[in-house]
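Before any comments, here is the structure.
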There are 2 protein chains.
Amino acid sequence: MPVTLKDVAEKVGRSITTVSRALHDYDDVSAETKTLVKQTAVEMGYTPSSLAQRLQKQQTDTIGLVLPTFGPRFSDPFFSELLAGIGNKAAEMGYDLLVSTQPPGEQELDAYKKLVDSRRVDGFIIVRTRRKDTRIDYLLDRGVPFTVFGRTDKPVNFPLVDEDGNYGMRLIAEHLVRQGHSRIACIAPDPELAFSTQRLNGLRTGLARYGVKLSDEYIRIGDLTHASGYEQGSILLDLPVPPTAIVACNDLMAFGAMSAVQERDLVVGSDIAITGFDDTPMAEHSHPPLTTVNQPVHIIGGMVCEMLIKLIKNEAIEDKQIILKPSLVIRQSCGCLPEKRQKVS
Amino acid sequence: MPVTLKDVAEKVGRSITTVSRALHDYDDVSAETKTLVKQTAVEMGYTPSSLAQRLQKQQTDTIGLVLPTFGPRFSDPFFSELLAGIGNKAAEMGYDLLVSTQPPGEQELDAYKKLVDSRRVDGFIIVRTRRKDTRIDYLLDRGVPFTVFGRTDKPVNFPLVDEDGNYGMRLIAEHLVRQGHSRIACIAPDPELAFSTQRLNGLRTGLARYGVKLSDEYIRIGDLTHASGYEQGSILLDLPVPPTAIVACNDLMAFGAMSAVQERDLVVGSDIAITGFDDTPMAEHSHPPLTTVNQPVHIIGGMVCEMLIKLIKNEAIEDKQIILKPSLVIRQSCGCLPEKRQKVS
DNA sequence: TTGAAAGCGCTAACAA
DNA sequence: TTGTTAGCGCTTTCAA
């Protein structure tokens, strides 16, 4: 059985109150009792019960993260990196991280409601925002603290971090047009996802600036998985007049599209350009290495986590709404750099 | 402020106890009060405080999962799928999942100790076992419930699920030898990881059965990432006498090795065979599709989770130690099947 | 400088 | 059928 305050109190022959205060370094406790208490506490291996502390403080020191998954086989390097970013920061700041996985929809919202109703977390981090996001509406309505990775359609005033996907895609558009591309296709996720629209619009305006139009038949919807990148890429390649460049809205779909290209004995880079978004670790050593837009997911995770904890503690937050300017990472898949081997020889 | 039992009790003019028992359907409460209580409870939006319930029951209804990460950029499809498998089952059985990410070592063990000492979880799921695993030693010593995905060097008697990696690699070995390969290399992770040794031994004995020896210079150590698969693959390919087949111990490293091959203008499948292990979703549509060993990570996650909860509840567990027989998934990267395009034409 | 007592919200043994 | 009481382990007034 675990050692409690009571046990320590009996041992040192003091009241529970005194022991508690000694341990918390209250200055109305004599130096002697303080050291005595502290010493015996460690001797006896006393550690406070977080449950009891939490009940008394009426807070859980826990933050909730409900990951939106699609299907049972949830295999996404993006989320694992985000999770690590959040988890590390949470641990650093003394908070627990409660993780749940739910496909978007009613079940998902129920998960939030359950956690809120039973008061199991002090706040939430919301990721992968939707244009109209019921999760946010709900938490706003209930007055539960939360921070967000991503934006929604309407301007808001809760803390949030996002990358300027519109800008990132304009960089991509500019780069491709300068390579001489005009038949440019895009594989985007469900337009309900906020970043989908942002990135698609970014691509569109970026191209328009150079007089290039993004044709409707060149816009395909995927679900952000490798498989769907492959499928949608295949469809694009089999078009009567296929595009000369495919812009995927995340790296995973870009890799899938690359496979589709290579399966047709075409060369990514020279025959057709492929670009991604995220700059996941795999992008560096794919074949060919993927031109993409960098997004410091790990760091963003840490930022939203820290903001949330400050929000919970009612501490001031310097910048409430942070929009990061992304940078273009030019590698070989867009065809503008020679292949590594050629450089060597 | 949240509604408590007391609030409901006052409203219906009954004692807290009666309300509590009515809500729990005790049969010593009159039907009338029962309905009255239940009705007003929902009307008032009462939900029990999990904190209070847990303190009283002296259990947390929470399971702990400390993911061993390497470096800040933790991007691993294997773990995200495992997490979903565990998370879904936990939610289904009414348990919370507390996730922490720590690089193996002292910090990691401290994370366990902290969670144990402050009694924040009822038990742990341990993943990616080491041959001598201090996490297991610690939990065993402290008498904390846990289940394990993987094995260690010594036979044990706690609940565990593992895949027979030795067998899986023998399947690979047999398949490659039958293709006529004799210069076979392997990229394995740190031999301290239990599955590394298992798989390496499996490959070795599988080859030996056909009189093929696994040469020392053909054994490379990676860290399971895509980048290290690329690096170690490059080293193997640049050997004076390079191997004709590279067996990677996970899919991610296999993909990295494939990139290294392709960067040298060699063709995976015909010029050199590459195989993986895990059968992650990307394996199906990589270029070429990856021959690998299937491991139902998602399901295994669910299994260890369910076993742990039963263990915590002191319920009987049918099979305590489950070793799954893996199956070989033959695709194109080993060179024995024609490419898709050729089949079509 | 210390301790008694109340209370966080809940469950459960025991009386009435 | 219901209520009183105690207690889970802790923090924090308020007296002594």
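In the structure tokens, the first chain shown is A, the next is B, and so on; residue numbers restart at 1 for each chain, and ligands run from 1 in the order shown.
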
> Neighbours of stretch 204-208 of chain B within 6 Å (only C-alpha atoms (C1' of nucleotides); same-chain residues fewer than 5 positions away dropped), as a PyMOL selection string?
Replying inline: chain B and resi 170+173+213

> Just asking: which residues within stretch 82-261 of chain B are strand (DSSP E or B) according to DSSP, as a PyMOL selection string?
Replying inline: chain B and resi 96-102+123-127+130+146-149+160-163+184-189+193+219-222+245-248

Take the selection from the previous step and output its residues with N, CA and C atoms, as an mmCIF file, in the first residue's frame.
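After the write, out13.cif holds the following:
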data_model
loop_
_atom_site.group_PDB
_atom_site.id
_atom_site.type_symbol
_atom_site.label_atom_id
_atom_site.label_comp_id
_atom_site.auth_asym_id
_atom_site.auth_seq_id
_atom_site.Cartn_x
_atom_site.Cartn_y
_atom_site.Cartn_z
ATOM 1 N N ASP B 96 -9.163 5.406 -20.013
ATOM 2 C CA ASP B 96 -8.416 6.501 -20.600
ATOM 3 C C ASP B 96 -7.018 6.026 -20.957
ATOM 4 N N LEU B 97 -6.441 6.700 -21.927
ATOM 5 C CA LEU B 97 -5.087 6.360 -22.334
ATOM 6 C C LEU B 97 -4.173 7.548 -22.087
ATOM 7 N N LEU B 98 -3.206 7.343 -21.227
ATOM 8 C CA LEU B 98 -2.245 8.389 -20.917
ATOM 9 C C LEU B 98 -0.974 8.122 -21.701
ATOM 10 N N VAL B 99 -0.618 9.045 -22.580
ATOM 11 C CA VAL B 99 0.523 8.806 -23.460
ATOM 12 C C VAL B 99 1.677 9.741 -23.135
ATOM 13 N N SER B 100 2.840 9.192 -23.106
ATOM 14 C CA SER B 100 4.037 9.983 -22.884
ATOM 15 C C SER B 100 5.069 9.543 -23.909
ATOM 16 N N THR B 101 5.931 10.439 -24.314
ATOM 17 C CA THR B 101 6.968 10.069 -25.277
ATOM 18 C C THR B 101 8.329 10.353 -24.659
ATOM 19 N N GLN B 102 9.177 9.352 -24.635
ATOM 20 C CA GLN B 102 10.498 9.504 -24.025
ATOM 21 C C GLN B 102 11.524 8.675 -24.773
ATOM 22 N N GLY B 123 -2.057 0.689 -14.849
ATOM 23 C CA GLY B 123 -1.150 -0.286 -15.432
ATOM 24 C C GLY B 123 -0.531 0.264 -16.702
ATOM 25 N N PHE B 124 0.375 -0.508 -17.256
ATOM 26 C CA PHE B 124 1.114 -0.046 -18.433
ATOM 27 C C PHE B 124 1.071 -1.052 -19.579
ATOM 28 N N ILE B 125 1.217 -0.508 -20.762
ATOM 29 C CA ILE B 125 1.515 -1.348 -21.914
ATOM 30 C C ILE B 125 2.940 -1.025 -22.334
ATOM 31 N N ILE B 126 3.746 -2.058 -22.394
ATOM 32 C CA ILE B 126 5.149 -1.859 -22.773
ATOM 33 C C ILE B 126 5.351 -2.313 -24.206
ATOM 34 N N VAL B 127 5.961 -1.453 -24.982
ATOM 35 C CA VAL B 127 6.165 -1.810 -26.382
ATOM 36 C C VAL B 127 7.641 -1.745 -26.751
ATOM 37 N N ARG B 130 13.246 -4.589 -24.990
ATOM 38 C CA ARG B 130 14.690 -4.767 -25.082
ATOM 39 C C ARG B 130 15.037 -6.160 -24.542
ATOM 40 N N PHE B 146 0.980 -4.882 -15.944
ATOM 41 C CA PHE B 146 1.392 -4.449 -17.276
ATOM 42 C C PHE B 146 1.285 -5.608 -18.257
ATOM 43 N N THR B 147 1.159 -5.272 -19.511
ATOM 44 C CA THR B 147 1.255 -6.269 -20.575
ATOM 45 C C THR B 147 2.260 -5.770 -21.591
ATOM 46 N N VAL B 148 2.704 -6.676 -22.425
ATOM 47 C CA VAL B 148 3.848 -6.371 -23.266
ATOM 48 C C VAL B 148 3.620 -6.759 -24.726
ATOM 49 N N PHE B 149 4.056 -5.913 -25.598
ATOM 50 C CA PHE B 149 4.122 -6.249 -27.015
ATOM 51 C C PHE B 149 5.590 -6.524 -27.311
ATOM 52 N N LEU B 160 1.512 -11.321 -22.641
ATOM 53 C CA LEU B 160 2.318 -10.741 -23.713
ATOM 54 C C LEU B 160 1.809 -11.176 -25.085
ATOM 55 N N VAL B 161 1.982 -10.327 -26.038
ATOM 56 C CA VAL B 161 1.681 -10.685 -27.415
ATOM 57 C C VAL B 161 2.928 -10.368 -28.230
ATOM 58 N N ASP B 162 3.273 -11.252 -29.110
ATOM 59 C CA ASP B 162 4.392 -10.958 -29.990
ATOM 60 C C ASP B 162 4.167 -11.686 -31.298
ATOM 61 N N GLU B 163 4.867 -11.216 -32.294
ATOM 62 C CA GLU B 163 4.822 -11.926 -33.550
ATOM 63 C C GLU B 163 6.104 -12.743 -33.630
ATOM 64 N N ILE B 184 23.151 -12.144 -49.491
ATOM 65 C CA ILE B 184 22.006 -11.509 -48.835
ATOM 66 C C ILE B 184 22.459 -10.663 -47.651
ATOM 67 N N ALA B 185 22.009 -9.425 -47.614
ATOM 68 C CA ALA B 185 22.393 -8.509 -46.536
ATOM 69 C C ALA B 185 21.194 -8.212 -45.649
ATOM 70 N N CYS B 186 21.479 -7.698 -44.486
ATOM 71 C CA CYS B 186 20.390 -7.379 -43.565
ATOM 72 C C CYS B 186 20.636 -6.037 -42.883
ATOM 73 N N ILE B 187 19.604 -5.226 -42.808
ATOM 74 C CA ILE B 187 19.680 -4.004 -42.015
ATOM 75 C C ILE B 187 18.807 -4.198 -40.797
ATOM 76 N N ALA B 188 19.454 -4.297 -39.648
ATOM 77 C CA ALA B 188 18.731 -4.575 -38.405
ATOM 78 C C ALA B 188 18.895 -3.400 -37.454
ATOM 79 N N PRO B 189 17.972 -3.243 -36.513
ATOM 80 C CA PRO B 189 18.147 -2.183 -35.512
ATOM 81 C C PRO B 189 19.094 -2.630 -34.411
ATOM 82 N N LEU B 193 17.485 -4.322 -28.956
ATOM 83 C CA LEU B 193 16.048 -4.518 -29.139
ATOM 84 C C LEU B 193 15.783 -5.998 -29.372
ATOM 85 N N ILE B 219 25.892 -7.319 -42.582
ATOM 86 C CA ILE B 219 24.954 -6.972 -41.511
ATOM 87 C C ILE B 219 25.184 -5.529 -41.091
ATOM 88 N N ARG B 220 24.176 -4.704 -41.264
ATOM 89 C CA ARG B 220 24.292 -3.292 -40.907
ATOM 90 C C ARG B 220 23.267 -2.937 -39.843
ATOM 91 N N ILE B 221 23.652 -2.000 -38.984
ATOM 92 C CA ILE B 221 22.739 -1.577 -37.920
ATOM 93 C C ILE B 221 22.135 -0.216 -38.242
ATOM 94 N N GLY B 222 20.834 -0.137 -38.218
ATOM 95 C CA GLY B 222 20.144 1.128 -38.447
ATOM 96 C C GLY B 222 19.299 1.469 -37.233
ATOM 97 N N ALA B 245 20.566 -8.967 -52.483
ATOM 98 C CA ALA B 245 19.287 -8.785 -51.791
ATOM 99 C C ALA B 245 19.531 -8.106 -50.452
ATOM 100 N N ILE B 246 18.657 -7.168 -50.107
ATOM 101 C CA ILE B 246 18.755 -6.507 -48.812
ATOM 102 C C ILE B 246 17.473 -6.756 -48.031
ATOM 103 N N VAL B 247 17.645 -7.341 -46.877
ATOM 104 C CA VAL B 247 16.509 -7.640 -46.006
ATOM 105 C C VAL B 247 16.485 -6.604 -44.885
ATOM 106 N N ALA B 248 15.484 -5.736 -44.897
ATOM 107 C CA ALA B 248 15.397 -4.736 -43.833
ATOM 108 C C ALA B 248 14.467 -5.252 -42.739
#

> Within 8 Å of chain A, which residues of chain B show up when using only C-alpha atoms, listed as an NGL selection string?
Replying inline: :B and (47-52 or 54-55 or 60 or 72-81 or 84-85 or 87-88 or 91 or 96-102 or 117-120 or 226-227 or 230 or 255-256 or 259-260 or 262-264 or 280-282 or 284-288 or 298 or 340-341)

>> Can you work out which residues from chain A touch chain C at a cut-off of 8 Å (counting only C-alpha atoms (C1' of nucleotides)) and hand them back as a list in words?
In response: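 That gives the following set of residues: Ser15, Thr17, Thr18, Asp28, Val29, Ser30, Leu55, Gln56, Lys57 and Gln58 of chain A.
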
Would you output that residue set with C-alpha atoms, as an mmCIF file, in the first residue's frame?
data_model
loop_
_atom_site.group_PDB
_atom_site.id
_atom_site.type_symbol
_atom_site.label_atom_id
_atom_site.label_comp_id
_atom_site.auth_asym_id
_atom_site.auth_seq_id
_atom_site.Cartn_x
_atom_site.Cartn_y
_atom_site.Cartn_z
ATOM 1 C CA SER A 15 -0.374 16.409 12.543
ATOM 2 C CA THR A 17 -1.537 19.493 8.397
ATOM 3 C CA THR A 18 1.943 20.243 9.608
ATOM 4 C CA ASP A 28 5.207 29.003 9.418
ATOM 5 C CA VAL A 29 6.849 25.664 10.057
ATOM 6 C CA SER A 30 9.959 25.407 12.182
ATOM 7 C CA LEU A 55 -9.794 16.452 -6.377
ATOM 8 C CA GLN A 56 -8.854 19.074 -3.866
ATOM 9 C CA LYS A 57 -7.477 21.527 -6.399
ATOM 10 C CA GLN A 58 -10.322 20.811 -8.741
#

> Which distance in Å separates atom CA of B:Pro240 and atom CA of B:Glu217, to one decimal?
Replying inline: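 Separation of atom CA of B:Pro240 and atom CA of B:Glu217: 11.0 Å.
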
> atom CA of B:Met93 to atom CA of A:Leu308: how many Å, to one decimal?
Replying inline: 28.5 Å

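Taking atom CA of A:Ala316 and atom CA of A:Gly302 as the two end points, the separation is 16.9 Å.
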
> Which residues of chain D are close to chain A, meaning at most 10 Å apart when you count only C-alpha atoms (C1' of nucleotides), and how do they look as a PyMOL selection string?
Replying inline: chain D and resi 8-12

With N, CA and C atoms (P, O5', C5', C4', C3', O3' and C1' of nucleotides) retained, write the just-selected residues as a PDB file, in the first residue's frame.
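Printed below is again.pdb as written:
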ATOM      1  P    DC D   8      -9.410   6.306   4.816  1.00  0.00           P
ATOM      2  O5'  DC D   8      -9.049   6.328   3.283  1.00  0.00           O
ATOM      3  C5'  DC D   8      -9.625   5.441   2.330  1.00  0.00           C
ATOM      4  C4'  DC D   8      -9.619   6.130   0.995  1.00  0.00           C
ATOM      5  C3'  DC D   8      -8.512   7.163   0.860  1.00  0.00           C
ATOM      6  O3'  DC D   8      -7.358   6.533   0.298  1.00  0.00           O
ATOM      7  C1'  DC D   8     -10.620   7.959  -0.001  1.00  0.00           C
ATOM      8  P    DG D   9      -5.981   6.516   1.110  1.00  0.00           P
ATOM      9  O5'  DG D   9      -5.394   7.973   0.851  1.00  0.00           O
ATOM     10  C5'  DG D   9      -5.027   8.346  -0.460  1.00  0.00           C
ATOM     11  C4'  DG D   9      -4.834   9.841  -0.504  1.00  0.00           C
ATOM     12  C3'  DG D   9      -3.810  10.373   0.493  1.00  0.00           C
ATOM     13  O3'  DG D   9      -2.829  11.076  -0.245  1.00  0.00           O
ATOM     14  C1'  DG D   9      -5.798  11.647   0.549  1.00  0.00           C
ATOM     15  P    DC D  10      -1.686  11.899   0.443  1.00  0.00           P
ATOM     16  O5'  DC D  10      -2.282  13.359   0.353  1.00  0.00           O
ATOM     17  C5'  DC D  10      -2.342  13.993  -0.923  1.00  0.00           C
ATOM     18  C4'  DC D  10      -3.284  15.155  -0.882  1.00  0.00           C
ATOM     19  C3'  DC D  10      -2.757  16.380  -0.154  1.00  0.00           C
ATOM     20  O3'  DC D  10      -2.114  17.223  -1.110  1.00  0.00           O
ATOM     21  C1'  DC D  10      -5.086  15.991   0.257  1.00  0.00           C
ATOM     22  P    DT D  11      -1.312  18.478  -0.565  1.00  0.00           P
ATOM     23  O5'  DT D  11      -2.469  19.543  -0.326  1.00  0.00           O
ATOM     24  C5'  DT D  11      -3.137  20.092  -1.445  1.00  0.00           C
ATOM     25  C4'  DT D  11      -4.129  21.130  -0.976  1.00  0.00           C
ATOM     26  C3'  DT D  11      -3.514  22.369  -0.340  1.00  0.00           C
ATOM     27  O3'  DT D  11      -4.172  23.498  -0.893  1.00  0.00           O
ATOM     28  C1'  DT D  11      -5.118  21.444   1.105  1.00  0.00           C
ATOM     29  P    DT D  12      -3.604  24.948  -0.695  1.00  0.00           P
ATOM     30  O5'  DT D  12      -4.615  25.558   0.380  1.00  0.00           O
ATOM     31  C5'  DT D  12      -6.019  25.371   0.212  1.00  0.00           C
ATOM     32  C4'  DT D  12      -6.743  25.855   1.450  1.00  0.00           C
ATOM     33  C3'  DT D  12      -6.064  27.023   2.170  1.00  0.00           C
ATOM     34  O3'  DT D  12      -7.068  27.922   2.593  1.00  0.00           O
ATOM     35  C1'  DT D  12      -6.450  25.292   3.677  1.00  0.00           C
TER      36       DT D  12
END

>> Could you pull out the alpha helix (DSSP H) residues of stretch 64-303 of chain A, going by DSSP on the backbone, and write them as number ranges by chain?
In response: A: 77-92, 106-117, 134-142, 165-178, 194-208, 226-237, 251-263, 297-303

>> Which residues are close to B:Arg178, i.e. within 12 Å by only C-alpha atoms (C1' of nucleotides), leaving aside same-chain residues fewer than 2 positions away? Reply as a PyMOL selection string.
In response: chain B and resi 171-176+180-182+206-207+209-212+334-336
